[in-house]
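Heads up, query32.cif below (mmCIF, C-alpha atoms and all ligand atoms):
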```
data_target
loop_
_atom_site.label_atom_id
_atom_site.label_comp_id
_atom_site.auth_asym_id
_atom_site.auth_seq_id
_atom_site.Cartn_x
_atom_site.Cartn_y
_atom_site.Cartn_z
CA MET J 73 79.65 103.16 84.10
CA ARG J 74 77.77 103.76 87.27
CA SER J 75 79.60 101.89 89.90
CA GLY J 76 79.15 101.49 93.59
CA CYS J 77 82.74 100.76 94.51
CA ALA J 78 85.42 103.38 93.98
CA ARG J 79 88.90 102.26 93.11
CA GLY J 80 91.43 103.36 95.71
CA SER J 81 95.05 103.99 94.89
CA GLY J 82 95.45 101.76 97.87
CA ARG J 83 98.90 100.29 97.24
CA ALA J 84 100.52 102.27 100.03
CA SER J 85 99.45 99.95 102.83
CA ARG J 86 100.73 96.78 101.18
CA PRO J 87 103.70 95.35 103.06
CA VAL J 88 106.87 96.37 101.27
CA ASP J 89 108.13 92.83 100.62
CA ARG J 90 104.90 91.93 98.77
CA VAL J 91 104.66 94.88 96.42
CA ALA J 92 103.83 93.53 92.98
CA VAL J 93 105.57 95.24 90.12
CA PRO J 94 104.71 93.11 87.12
CA ILE J 95 106.79 93.66 84.02
CA GLN J 96 104.51 93.73 81.02
CA THR J 97 104.85 93.40 77.28
CA PHE J 98 102.12 94.57 74.97
CA GLY J 99 101.27 92.07 72.27
CA PRO J 100 98.21 91.65 70.05
CA SER J 101 96.33 89.87 72.85
CA GLY J 102 97.06 92.56 75.45
CA PRO J 103 99.67 92.94 78.14
CA THR J 104 101.54 89.84 79.25
CA VAL J 105 103.37 89.62 82.55
CA ILE J 106 106.88 88.38 81.91
CA GLY J 107 108.75 89.45 85.03
CA PRO J 108 109.54 87.47 88.16
CA ALA J 109 106.32 88.83 89.63
CA ALA J 110 104.21 86.32 87.61
CA LEU J 111 102.78 84.04 90.28
CA LEU J 112 100.55 81.80 88.23
CA GLN J 113 100.73 81.17 84.51
CA ALA J 114 98.17 79.24 82.48
CA LYS J 115 99.58 78.21 79.13
CA ALA J 116 97.31 76.99 76.33
CA ILE J 117 94.86 75.38 78.76
CA THR J 118 92.15 73.38 77.01
CA LYS J 119 89.26 71.63 78.74
CA ARG J 120 86.35 69.74 77.18
CA PHE J 121 83.28 68.27 78.79
CA GLY J 122 82.00 65.82 76.15
CA ALA J 123 81.19 67.95 73.12
CA THR J 124 81.52 71.23 75.05
CA LEU J 125 84.78 73.13 74.68
CA ALA J 126 84.86 74.93 78.06
CA LEU J 127 88.39 76.37 77.70
CA ASP J 128 90.07 76.84 74.34
CA ALA J 129 93.90 77.02 74.50
CA LEU J 130 93.65 79.79 77.08
CA ASP J 131 96.72 81.77 78.23
CA LEU J 132 96.67 83.83 81.41
CA ASP J 133 99.17 85.30 83.89
CA ILE J 134 98.34 86.30 87.44
CA ALA J 135 100.90 88.61 89.09
CA ASP J 136 101.95 88.23 92.69
CA GLY J 137 99.70 90.31 94.93
CA GLU J 138 97.23 91.54 92.29
CA PHE J 139 93.44 91.55 92.35
CA PHE J 140 92.34 89.90 89.12
CA ALA J 141 88.77 89.47 87.86
CA LEU J 142 87.58 86.84 85.41
CA LEU J 143 84.50 88.37 83.83
CA GLY J 144 82.15 86.65 81.43
CA GLY J 145 78.62 85.52 80.71
CA SER J 146 77.10 82.22 81.70
CA GLY J 147 79.02 79.26 80.29
CA SER J 148 82.06 81.32 79.20
CA GLY J 149 84.41 79.07 81.20
CA LYS J 150 85.13 81.21 84.28
CA SER J 151 84.40 78.57 86.91
CA THR J 152 86.19 75.86 84.97
CA LEU J 153 89.34 78.00 84.86
CA LEU J 154 89.09 78.75 88.58
CA ARG J 155 88.63 75.05 89.40
CA ILE J 156 91.69 74.19 87.30
CA MET J 157 93.75 76.79 89.21
CA ALA J 158 92.54 75.26 92.48
CA GLY J 159 93.30 71.72 91.32
CA PHE J 160 89.72 70.44 91.42
CA GLU J 161 89.68 69.96 87.67
CA THR J 162 92.43 68.66 85.36
CA PRO J 163 93.00 70.32 81.98
CA ASP J 164 93.01 68.09 78.88
CA SER J 165 96.10 69.89 77.66
CA GLY J 166 98.19 72.92 78.51
CA ARG J 167 100.30 73.79 81.51
CA LEU J 168 99.74 75.52 84.82
CA LEU J 169 102.86 77.04 86.40
CA LEU J 170 103.27 78.45 89.88
CA ASP J 171 106.48 80.42 90.32
CA GLY J 172 107.55 78.83 87.05
CA ALA J 173 107.09 75.21 88.27
CA ASP J 174 104.43 72.91 86.77
CA ILE J 175 101.75 72.13 89.37
CA ALA J 176 99.62 69.83 87.21
CA ALA J 177 100.31 66.89 89.52
CA THR J 178 100.06 68.86 92.78
CA PRO J 179 96.83 68.06 94.67
CA PRO J 180 94.61 70.99 95.75
CA TRP J 181 95.59 70.84 99.41
CA ALA J 182 99.31 70.98 98.62
CA ARG J 183 99.00 74.16 96.52
CA PRO J 184 99.48 77.55 98.19
CA VAL J 185 96.07 78.27 96.78
CA ASN J 186 92.70 78.47 98.51
CA MET J 187 89.23 78.66 97.04
CA MET J 188 86.17 80.34 98.47
CA PHE J 189 83.09 78.72 97.00
CA GLN J 190 79.99 80.64 96.00
CA SER J 191 77.92 78.52 98.39
CA TYR J 192 80.55 79.21 101.13
CA ALA J 193 80.54 75.42 101.86
CA LEU J 194 80.60 75.86 105.65
CA PHE J 195 80.14 72.79 107.88
CA PRO J 196 76.70 73.34 109.45
CA HIS J 197 77.42 71.31 112.58
CA LEU J 198 80.71 73.09 113.38
CA SER J 199 81.03 76.41 115.20
CA VAL J 200 82.45 79.46 113.44
CA ALA J 201 85.84 78.92 115.14
CA ASP J 202 85.92 75.22 114.21
CA ASN J 203 84.98 76.00 110.61
CA VAL J 204 87.86 78.48 110.39
CA ALA J 205 90.27 76.12 112.20
CA TYR J 206 89.42 73.15 109.98
CA GLY J 207 92.21 73.55 107.42
CA LEU J 208 94.86 74.30 110.04
CA ARG J 209 93.93 71.19 112.06
CA ARG J 210 94.05 69.02 108.94
CA ALA J 211 97.49 70.45 108.21
CA GLY J 212 98.61 69.50 111.75
CA VAL J 213 99.23 73.02 112.98
CA ALA J 214 99.76 73.15 116.77
CA LYS J 215 96.76 73.96 118.97
CA ALA J 216 98.04 77.25 120.36
CA GLU J 217 99.01 78.57 116.93
CA THR J 218 95.67 77.44 115.48
CA GLY J 219 93.80 79.34 118.20
CA ALA J 220 95.79 82.50 117.61
CA ARG J 221 95.45 82.36 113.83
CA VAL J 222 91.70 81.68 113.99
CA ALA J 223 91.20 84.65 116.32
CA ALA J 224 93.28 86.90 114.05
CA ALA J 225 91.40 85.76 110.94
CA LEU J 226 88.00 86.36 112.58
CA ALA J 227 89.12 89.81 113.73
CA MET J 228 90.32 90.57 110.21
CA VAL J 229 86.84 89.94 108.74
CA GLY J 230 85.09 91.76 111.60
CA LEU J 231 83.73 88.66 113.35
CA ALA J 232 85.62 88.73 116.67
CA GLY J 233 83.29 87.33 119.33
CA PHE J 234 81.31 85.12 116.92
CA ASP J 235 83.49 82.02 117.50
CA ARG J 236 80.85 79.88 119.19
CA ARG J 237 77.98 80.48 116.82
CA LYS J 238 76.88 77.93 114.27
CA PRO J 239 76.47 78.93 110.59
CA HIS J 240 72.64 78.92 110.87
CA GLN J 241 72.89 81.59 113.58
CA LEU J 242 74.56 84.02 111.14
CA SER J 243 73.30 86.34 108.39
CA GLY J 244 74.29 85.67 104.78
CA GLY J 245 76.94 88.40 104.94
CA GLN J 246 78.38 86.96 108.16
CA ARG J 247 78.51 83.46 106.65
CA GLN J 248 80.43 84.91 103.73
CA ARG J 249 82.94 86.44 106.18
CA VAL J 250 83.41 83.08 107.90
CA ALA J 251 84.16 81.54 104.51
CA LEU J 252 86.67 84.33 103.84
CA ALA J 253 88.30 83.88 107.25
CA ARG J 254 88.54 80.13 106.63
CA SER J 255 90.40 80.82 103.38
CA LEU J 256 92.63 83.62 104.71
CA VAL J 257 93.67 81.68 107.82
CA MET J 258 95.60 79.33 105.52
CA ARG J 259 97.66 82.33 104.32
CA PRO J 260 97.36 81.39 100.65
CA ARG J 261 99.47 83.18 98.07
CA LEU J 262 96.52 82.94 95.74
CA LEU J 263 92.90 83.17 96.85
CA LEU J 264 90.26 82.11 94.34
CA LEU J 265 86.81 83.61 94.84
CA ASP J 266 83.81 82.25 92.95
CA GLU J 267 81.17 85.03 92.72
CA PRO J 268 82.10 86.24 96.24
CA LEU J 269 79.41 88.92 96.33
CA GLY J 270 76.79 86.94 94.43
CA ALA J 271 74.61 85.98 97.40
CA LEU J 272 74.61 89.43 99.06
CA ASP J 273 72.02 92.16 98.65
CA ALA J 274 72.93 95.45 96.92
CA GLY J 275 73.96 97.49 100.00
CA LEU J 276 76.05 94.72 101.44
CA ARG J 277 77.69 94.00 98.08
CA GLU J 278 79.17 97.48 97.93
CA ARG J 279 80.49 97.42 101.48
CA THR J 280 81.83 93.89 101.16
CA GLY J 281 83.50 94.85 97.88
CA PHE J 282 85.48 97.59 99.63
CA GLU J 283 86.33 95.16 102.42
CA LEU J 284 87.55 92.54 99.98
CA ARG J 285 89.93 95.05 98.46
CA ALA J 286 91.16 96.10 101.90
CA LEU J 287 91.75 92.45 102.88
CA GLN J 288 93.60 91.82 99.65
CA ARG J 289 95.92 94.75 100.34
CA GLU J 290 96.38 93.76 103.95
CA THR J 291 97.27 90.12 103.23
CA GLY J 292 99.29 90.76 100.07
CA ALA J 293 97.80 87.60 98.53
CA ALA J 294 96.77 87.58 94.88
CA PHE J 295 92.99 87.39 94.54
CA VAL J 296 91.31 85.94 91.47
CA MET J 297 87.59 86.63 91.46
CA VAL J 298 85.03 85.14 89.09
CA THR J 299 82.05 87.35 88.33
CA HIS J 300 79.46 87.96 85.64
CA ASP J 301 78.92 91.49 86.99
CA GLN J 302 80.93 94.02 84.97
CA GLU J 303 80.59 96.84 87.51
CA GLU J 304 81.96 94.59 90.23
CA ALA J 305 84.93 93.53 88.09
CA LEU J 306 85.78 97.09 87.04
CA ALA J 307 85.40 98.47 90.56
CA LEU J 308 87.46 95.89 92.42
CA ALA J 309 90.14 94.46 90.15
CA ASP J 310 93.61 95.70 89.21
CA ARG J 311 93.19 93.76 85.96
CA VAL J 312 90.24 92.15 84.26
CA ALA J 313 90.02 89.38 81.66
CA VAL J 314 86.80 89.19 79.67
CA LEU J 315 86.00 85.58 78.73
CA ASP J 316 83.92 84.55 75.76
CA GLY J 317 83.47 80.93 74.68
CA GLY J 318 86.47 79.62 76.63
CA ARG J 319 88.81 82.27 75.25
CA ILE J 320 89.98 85.62 76.54
CA ALA J 321 88.34 88.33 74.45
CA GLN J 322 90.41 91.09 76.10
CA ARG J 323 92.44 91.71 79.22
CA GLY J 324 93.86 94.78 80.89
CA ALA J 325 93.30 97.48 83.47
CA PRO J 326 89.59 98.22 84.02
CA ARG J 327 89.71 101.74 82.62
CA ALA J 328 91.70 100.65 79.58
CA ILE J 329 89.30 97.91 78.51
CA TYR J 330 86.27 100.00 79.36
CA GLU J 331 87.43 102.96 77.32
CA ARG J 332 89.18 101.03 74.56
CA PRO J 333 87.25 97.79 73.97
CA ALA J 334 88.87 95.79 71.17
CA SER J 335 85.80 94.02 69.82
CA ARG J 336 82.03 94.32 69.43
CA PHE J 337 81.60 91.67 72.14
CA VAL J 338 83.65 93.53 74.77
CA ALA J 339 82.13 96.90 73.86
CA ARG J 340 78.61 95.54 74.37
CA PHE J 341 79.47 93.44 77.42
CA LEU J 342 81.19 96.28 79.32
CA GLY J 343 78.90 99.25 79.84
CA ALA J 344 76.58 98.41 76.94
CA ALA J 345 78.29 100.64 74.38
CA ASN J 346 76.58 101.58 71.13
CA VAL J 347 78.12 99.56 68.30
CA LEU J 348 77.79 101.10 64.85
CA GLU J 349 78.12 98.94 61.78
CA GLY J 350 79.38 100.34 58.50
CA ARG J 351 82.17 100.26 55.96
CA ALA J 352 85.74 101.51 56.30
CA ALA J 353 87.59 102.89 53.30
CA ASP J 354 90.51 105.32 52.90
CA GLY J 355 90.68 106.31 56.57
CA ALA J 356 86.94 106.97 56.85
CA PHE J 357 84.10 104.86 58.25
CA ASP J 358 80.74 105.27 56.63
CA SER J 359 77.86 104.16 58.85
CA ALA J 360 74.60 104.28 56.93
CA GLU J 361 72.62 103.17 59.99
CA ALA J 362 73.95 106.11 62.03
CA GLY J 363 73.67 108.52 59.10
CA ALA J 364 77.26 109.66 59.69
CA THR J 365 80.75 109.36 58.27
CA PHE J 366 83.63 109.18 60.75
CA THR J 367 87.14 110.23 59.74
CA ASP J 368 90.67 109.29 60.91
CA ILE J 369 89.67 105.65 61.35
CA PRO J 370 92.51 103.07 61.27
CA ALA J 371 92.64 100.29 58.67
CA GLY J 372 91.07 97.02 59.79
CA THR J 373 88.15 98.69 61.57
CA VAL J 374 84.94 96.67 61.20
CA ALA J 375 82.67 98.65 63.56
CA LEU J 376 82.73 101.63 65.94
CA ALA J 377 81.83 101.87 69.63
CA LEU J 378 80.35 104.98 71.26
CA ARG J 379 79.65 105.03 75.00
CA PRO J 380 76.16 106.26 75.99
CA GLU J 381 77.65 108.72 78.50
CA ARG J 382 79.96 110.23 75.85
CA LEU J 383 77.12 111.24 73.53
CA ARG J 384 75.45 114.64 73.82
CA ILE J 385 72.07 115.91 72.71
CA LEU J 386 71.81 119.21 70.77
CA PRO J 387 68.76 120.95 69.36
CA PRO J 388 68.16 120.32 65.65
CA GLY J 389 70.02 122.82 63.49
CA ALA J 390 72.90 123.33 65.96
CA ASP J 391 76.04 124.23 64.03
CA GLU J 392 78.60 121.72 65.31
CA PRO J 393 80.80 119.09 63.70
CA ASN J 394 80.32 115.38 64.53
CA THR J 395 76.55 115.27 64.74
CA ALA J 396 73.76 113.21 63.20
CA PRO J 397 69.98 113.66 63.36
CA GLY J 398 67.59 111.39 65.22
CA THR J 399 64.31 111.21 67.12
CA VAL J 400 63.80 110.44 70.82
CA GLU J 401 62.01 107.09 70.89
CA ASP J 402 61.96 106.56 74.65
CA ALA J 403 63.41 107.90 77.90
CA ALA J 404 64.04 106.29 81.29
CA PHE J 405 64.92 108.35 84.38
CA ARG J 406 67.72 106.64 86.35
CA GLY J 407 68.41 109.08 89.19
CA ASP J 408 71.66 110.74 88.17
CA ASP J 409 70.84 110.66 84.46
CA THR J 410 68.14 109.81 81.92
CA LEU J 411 68.71 107.04 79.41
CA LEU J 412 67.44 108.15 76.00
CA LEU J 413 66.79 105.81 73.10
CA ILE J 414 67.41 107.77 69.92
CA ARG J 415 66.31 106.42 66.53
CA MET J 416 68.82 107.76 64.04
CA ALA J 417 67.75 108.86 60.56
CA GLY J 418 69.70 105.88 59.17
CA GLY J 419 67.80 103.39 61.38
CA ALA J 420 70.29 102.71 64.23
CA LEU J 421 68.95 102.89 67.80
CA LEU J 422 71.48 104.72 70.02
CA ARG J 423 71.56 104.75 73.81
CA VAL J 424 72.42 108.20 75.17
CA ALA J 425 72.92 108.90 78.88
CA HIS J 426 71.68 112.45 79.43
CA ALA J 427 73.23 113.83 82.64
CA GLU J 428 71.04 115.77 85.09
CA GLU J 429 73.39 118.77 84.98
CA ASP J 430 72.78 119.10 81.23
CA GLY J 431 69.22 120.25 81.96
CA ALA J 432 65.85 118.73 81.20
CA PRO J 433 66.05 115.83 78.74
CA PRO J 434 64.18 116.14 75.44
CA GLU J 435 60.62 114.80 75.25
CA ARG J 436 59.66 111.57 73.57
CA GLY J 437 59.16 112.22 69.84
CA ALA J 438 61.48 115.27 69.79
CA ALA J 439 63.83 115.75 66.85
CA VAL J 440 67.43 116.13 68.09
CA LEU J 441 71.03 116.05 66.99
CA VAL J 442 73.29 113.45 68.59
CA ALA J 443 76.83 114.83 69.02
CA TRP J 444 80.13 113.19 69.86
CA ASP J 445 83.81 114.10 70.25
CA ALA J 446 86.12 112.51 67.72
CA ASP J 447 88.29 111.22 70.61
CA ASP J 448 85.37 109.19 71.96
CA VAL J 449 84.90 107.14 68.81
CA VAL J 450 86.43 103.70 69.45
CA PRO J 451 87.39 101.67 66.36
CA LEU J 452 86.70 97.92 66.77
CA ALA J 453 88.78 95.32 64.97
CA SER J 454 86.34 92.40 65.32
N1 LIG I 501 81.16 69.02 84.94
C1 LIG I 501 80.69 69.43 83.75
N2 LIG I 501 80.14 68.57 82.89
C2 LIG I 501 79.69 68.97 81.67
N3 LIG I 501 79.79 70.23 81.22
C3 LIG I 501 80.33 71.14 82.03
C4 LIG I 501 80.81 70.80 83.35
N4 LIG I 501 81.30 71.93 83.92
C5 LIG I 501 81.12 72.92 83.02
N5 LIG I 501 80.55 72.46 81.89
C6 LIG I 501 80.25 73.24 80.68
O1 LIG I 501 81.41 73.98 80.32
C7 LIG I 501 81.08 75.32 79.91
C8 LIG I 501 81.79 76.32 80.82
O2 LIG I 501 81.24 76.20 82.14
P1 LIG I 501 81.66 77.13 83.37
O3 LIG I 501 80.95 76.61 84.56
O4 LIG I 501 83.14 77.19 83.42
O5 LIG I 501 81.08 78.53 82.91
P2 LIG I 501 80.91 79.86 83.76
O6 LIG I 501 81.47 80.92 82.89
O7 LIG I 501 81.47 79.68 85.10
O8 LIG I 501 79.33 79.99 83.81
P3 LIG I 501 78.35 80.47 85.01
O9 LIG I 501 78.54 81.95 85.15
O10 LIG I 501 77.00 80.11 84.48
O11 LIG I 501 78.74 79.68 86.22
C9 LIG I 501 79.56 75.39 79.97
O12 LIG I 501 79.06 75.15 78.68
C10 LIG I 501 79.18 74.28 80.93
O13 LIG I 501 77.89 73.79 80.64
#
```

Would you mind writing the file's structure down as structure tokens?
Amino acid sequence: MRSGCARGSGRASRPVDRVAVPIQTFGPSGPTVIGPAALLQAKAITKRFGATLALDALDLDIADGEFFALLGGSGSGKSTLLRIMAGFETPDSGRLLLDGADIAATPPWARPVNMMFQSYALFPHLSVADNVAYGLRRAGVAKAETGARVAAALAMVGLAGFDRRKPHQLSGGQRQRVALARSLVMRPRLLLLDEPLGALDAGLRERTGFELRALQRETGAAFVMVTHDQEEALALADRVAVLDGGRIAQRGAPRAIYERPASRFVARFLGAANVLEGRAADGAFDSAEAGATFTDIPAGTVALALRPERLRILPPGADEPNTAPGTVEDAAFRGDDTLLLIRMAGGALLRVAHAEEDGAPPERGAAVLVAWDADDVVPLAS
């Protein structure tokens, strides 16, 4: 992965009374939060739109104070799930619990939940301050308190002094901050963010990503972010759920699902791993397309994943275990590495990230050996 946003250890600045220590069990579908720290629980949520099954008996737990990312391709059900959490959409079946109590019948405004829309949905005719104050005024909060909370929220997102401007007098990044301030001013326990960085250019995305994490730590609210960008999800979230066809394909800490994807879909979706097909028998996996046999492979393995950055290139004839011959079909320089496409003798096309510090990459057409460490071979069960 080449990611713009580093993950900070970061927990230290969270107020002590909001520290989230979820208790987890590890079942076949990944860790499940069972402790009192579970803030929101979706249980077997199903939602259809006509013939489309948008969510398929989906289970999910969000812990108090965590940064959670819902990651998936177009149409995987991310937005539908977010809208159900917010109360803008009603599930056909299943339950949604907040602190253990069913909130199916609770209208959006009465939930301690706030949603920041991808479009920001600011009122164009209202000033920045009035946009941010809107929810507090509707809730009948006193004028003096409203003023103080609006000022604090604007300061928090770095927009002190912008109160009188109208949305059209702001840049895209500033409009996004107003939308954030408008959500945070309500002091939600759960903030839902629909593609929060989607409308920003690359430089601003990285900076805003760091700021989002800082705000999440500062407020102690749980953040649930929808994104189709895997780097963004891995960089920002404490936990990630990968959605596929209205179901959760895998969930867990970013590093865990990146390094140990459970299925072909997750391996390809996160970091574009090489997926090798073949046949498992007696603890070995024979991949004709890779021209290699892998040993110590658990029963039930249907394919193997190998990350491009874990593969190495050796000259032909090198005397090392765990190698297979191939030919360089193409090469693309990417700055800190070169992406090589290697056609293996068995026909598979492998992606290999050749780091700059490993010297000049081989030329197109060169015969090479592709090498791997046994520890980097990830067995996939589906
Ligand atoms: N109001 C609706 N009416 C009909 N179909 C809908 C409606 N909302 C969503 N769908 C369908 O439900 C499925 C899931 O949609 P959803 O918007 O949740 O996906 P998504 O993962 O957020 O996708 P994207 O990244 O493209 O926004 C899609 O097939 C979509 O076409």

Counting all atoms listed in the file, name the residues that have an atom within 12 Å of an atom of ligand LIG 501 (chain I); the answer should be given as an MDAnalysis selection string. chainID J and resid 118:128 142:156 160:163 189:190 265:267 270 297:301 314:320

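Distances to J:Gly137 were evaluated for J:Asp235, J:Asp310, J:Glu303, J:Asp273 using all atoms listed in the file, and the minimum falls at J:Asp310.
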
What's the separation between atom CA of J:Pro387 and atom CA of J:Ala420, in Å to one decimal place?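 Result for atom CA of J:Pro387 versus atom CA of J:Ala420: 19.0 Å, one decimal.
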
What is the atom CA of J:Leu264 to atom CA of J:Ala309 distance in Å?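 Here the two named atoms are 13.0 Å from each other.
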
Could you give me, as a list of chain:residue names, the residues within 10 Å of J:Arg254, counting only C-alpha atoms and dropping anything in the same chain fewer than 6 positions from it?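 In the requested form, the answer reads J:Asn186, J:Met187, J:Met188, J:Tyr192, J:Leu194, J:Val200, J:Ala201, J:Asp202, J:Asn203, J:Val204, J:Ala205, J:Tyr206, J:Gly207, J:Leu208, J:Val222, J:Ala225, J:Leu226, J:Gln248.
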
Have a look at J:Thr178, J:Glu304, J:Leu287, J:Ala439 and name the one nearest to J:Met416; count all atoms listed in the file. J:Ala439

Between atom CA of J:Phe366 and atom CA of J:Pro380, distance in Å (one decimal):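 The value is 17.2 Å.
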
Counting only C-alpha atoms, the residue of J:Pro180, J:Ala427, J:Leu111, J:Asp391 that sits nearest J:Asp408: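 Closest residue, counting only C-alpha atoms: J:Ala427.
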
Closest of J:Val257, J:Glu435, J:Gly372, J:Phe195 to J:Gly219 - atom-to-atom distances counting only C-alpha atoms: J:Val257

With all atoms listed in the file as the counted atoms, please give the residues lying no more than 7 Å from J:Phe295, apart from itself and same-chain residues fewer than 2 positions off, as a ChimeraX atom specification. /J:138-140,262-264,288,293,297

Selection file, C-alpha atoms, as a PDB file, keeping the file's coordinate frame:
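Done, and the output landed in out_23.pdb:
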```pdb
ATOM      1  CA  GLU J 138      97.230  91.540  92.290  1.00  0.00           C
ATOM      2  CA  PHE J 139      93.440  91.550  92.350  1.00  0.00           C
ATOM      3  CA  PHE J 140      92.340  89.900  89.120  1.00  0.00           C
ATOM      4  CA  LEU J 262      96.520  82.940  95.740  1.00  0.00           C
ATOM      5  CA  LEU J 263      92.900  83.170  96.850  1.00  0.00           C
ATOM      6  CA  LEU J 264      90.260  82.110  94.340  1.00  0.00           C
ATOM      7  CA  GLN J 288      93.600  91.820  99.650  1.00  0.00           C
ATOM      8  CA  ALA J 293      97.800  87.600  98.530  1.00  0.00           C
ATOM      9  CA  MET J 297      87.590  86.630  91.460  1.00  0.00           C
TER      10      MET J 297
END
```

Shortest interatomic distance to J:Ser454 - which of J:Ala438, J:Ala176, J:Ala425, J:Val374, counting all atoms listed in the file: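 Using all atoms listed in the file, J:Ser454 sits closest to J:Val374.
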
If you count only C-alpha atoms, which residues fall within 12 Å of stretch 346-351 of chain J, apart from same-chain ones fewer than 4 positions away, as a PyMOL selection string? chain J and resi 333-342+355-367+369-383+413-414+416+418-425+448-454

Since fewer atoms than expected are present, regenerate N, CA and C atoms for stretch 129-146 of chain J and write them as a PDB file, keeping the file's coordinate frame.
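Heads up, here's the output in result_38.pdb:
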```pdb
ATOM      1  N   ALA J 129      92.486  76.606  74.581  1.00  0.00           N
ATOM      2  CA  ALA J 129      93.900  77.020  74.500  1.00  0.00           C
ATOM      3  C   ALA J 129      94.129  78.376  75.166  1.00  0.00           C
ATOM      4  N   LEU J 130      93.656  78.488  76.383  1.00  0.00           N
ATOM      5  CA  LEU J 130      93.650  79.790  77.080  1.00  0.00           C
ATOM      6  C   LEU J 130      94.996  80.081  77.770  1.00  0.00           C
ATOM      7  N   ASP J 131      95.481  81.292  77.566  1.00  0.00           N
ATOM      8  CA  ASP J 131      96.720  81.770  78.230  1.00  0.00           C
ATOM      9  C   ASP J 131      96.353  82.856  79.223  1.00  0.00           C
ATOM     10  N   LEU J 132      96.954  82.799  80.406  1.00  0.00           N
ATOM     11  CA  LEU J 132      96.670  83.830  81.410  1.00  0.00           C
ATOM     12  C   LEU J 132      97.817  83.900  82.407  1.00  0.00           C
ATOM     13  N   ASP J 133      98.167  85.121  82.830  1.00  0.00           N
ATOM     14  CA  ASP J 133      99.170  85.300  83.890  1.00  0.00           C
ATOM     15  C   ASP J 133      98.530  86.038  85.035  1.00  0.00           C
ATOM     16  N   ILE J 134      98.778  85.579  86.250  1.00  0.00           N
ATOM     17  CA  ILE J 134      98.340  86.300  87.440  1.00  0.00           C
ATOM     18  C   ILE J 134      99.610  86.763  88.154  1.00  0.00           C
ATOM     19  N   ALA J 135      99.712  88.074  88.420  1.00  0.00           N
ATOM     20  CA  ALA J 135     100.900  88.610  89.090  1.00  0.00           C
ATOM     21  C   ALA J 135     100.782  88.435  90.593  1.00  0.00           C
ATOM     22  N   ASP J 136     101.922  88.353  91.241  1.00  0.00           N
ATOM     23  CA  ASP J 136     101.950  88.230  92.690  1.00  0.00           C
ATOM     24  C   ASP J 136     101.262  89.449  93.307  1.00  0.00           C
ATOM     25  N   GLY J 137     100.307  89.211  94.187  1.00  0.00           N
ATOM     26  CA  GLY J 137      99.700  90.310  94.930  1.00  0.00           C
ATOM     27  C   GLY J 137      98.687  91.157  94.177  1.00  0.00           C
ATOM     28  N   GLU J 138      98.216  90.709  93.001  1.00  0.00           N
ATOM     29  CA  GLU J 138      97.230  91.540  92.290  1.00  0.00           C
ATOM     30  C   GLU J 138      95.810  91.024  92.527  1.00  0.00           C
ATOM     31  N   PHE J 139      94.855  91.903  92.275  1.00  0.00           N
ATOM     32  CA  PHE J 139      93.440  91.550  92.350  1.00  0.00           C
ATOM     33  C   PHE J 139      92.965  91.418  90.915  1.00  0.00           C
ATOM     34  N   PHE J 140      92.656  90.194  90.516  1.00  0.00           N
ATOM     35  CA  PHE J 140      92.340  89.900  89.120  1.00  0.00           C
ATOM     36  C   PHE J 140      90.897  89.435  89.025  1.00  0.00           C
ATOM     37  N   ALA J 141      90.162  89.921  88.037  1.00  0.00           N
ATOM     38  CA  ALA J 141      88.770  89.470  87.860  1.00  0.00           C
ATOM     39  C   ALA J 141      88.615  88.742  86.541  1.00  0.00           C
ATOM     40  N   LEU J 142      87.977  87.568  86.617  1.00  0.00           N
ATOM     41  CA  LEU J 142      87.580  86.840  85.410  1.00  0.00           C
ATOM     42  C   LEU J 142      86.117  87.156  85.175  1.00  0.00           C
ATOM     43  N   LEU J 143      85.852  87.874  84.097  1.00  0.00           N
ATOM     44  CA  LEU J 143      84.500  88.370  83.830  1.00  0.00           C
ATOM     45  C   LEU J 143      83.966  87.710  82.572  1.00  0.00           C
ATOM     46  N   GLY J 144      82.730  87.241  82.633  1.00  0.00           N
ATOM     47  CA  GLY J 144      82.150  86.650  81.430  1.00  0.00           C
ATOM     48  C   GLY J 144      80.727  86.223  81.668  1.00  0.00           C
ATOM     49  N   GLY J 145      80.011  85.959  80.599  1.00  0.00           N
ATOM     50  CA  GLY J 145      78.620  85.520  80.710  1.00  0.00           C
ATOM     51  C   GLY J 145      78.544  84.070  81.144  1.00  0.00           C
ATOM     52  N   SER J 146      77.320  83.593  81.273  1.00  0.00           N
ATOM     53  CA  SER J 146      77.100  82.220  81.700  1.00  0.00           C
ATOM     54  C   SER J 146      77.702  81.251  80.680  1.00  0.00           C
TER      55      SER J 146
END
```
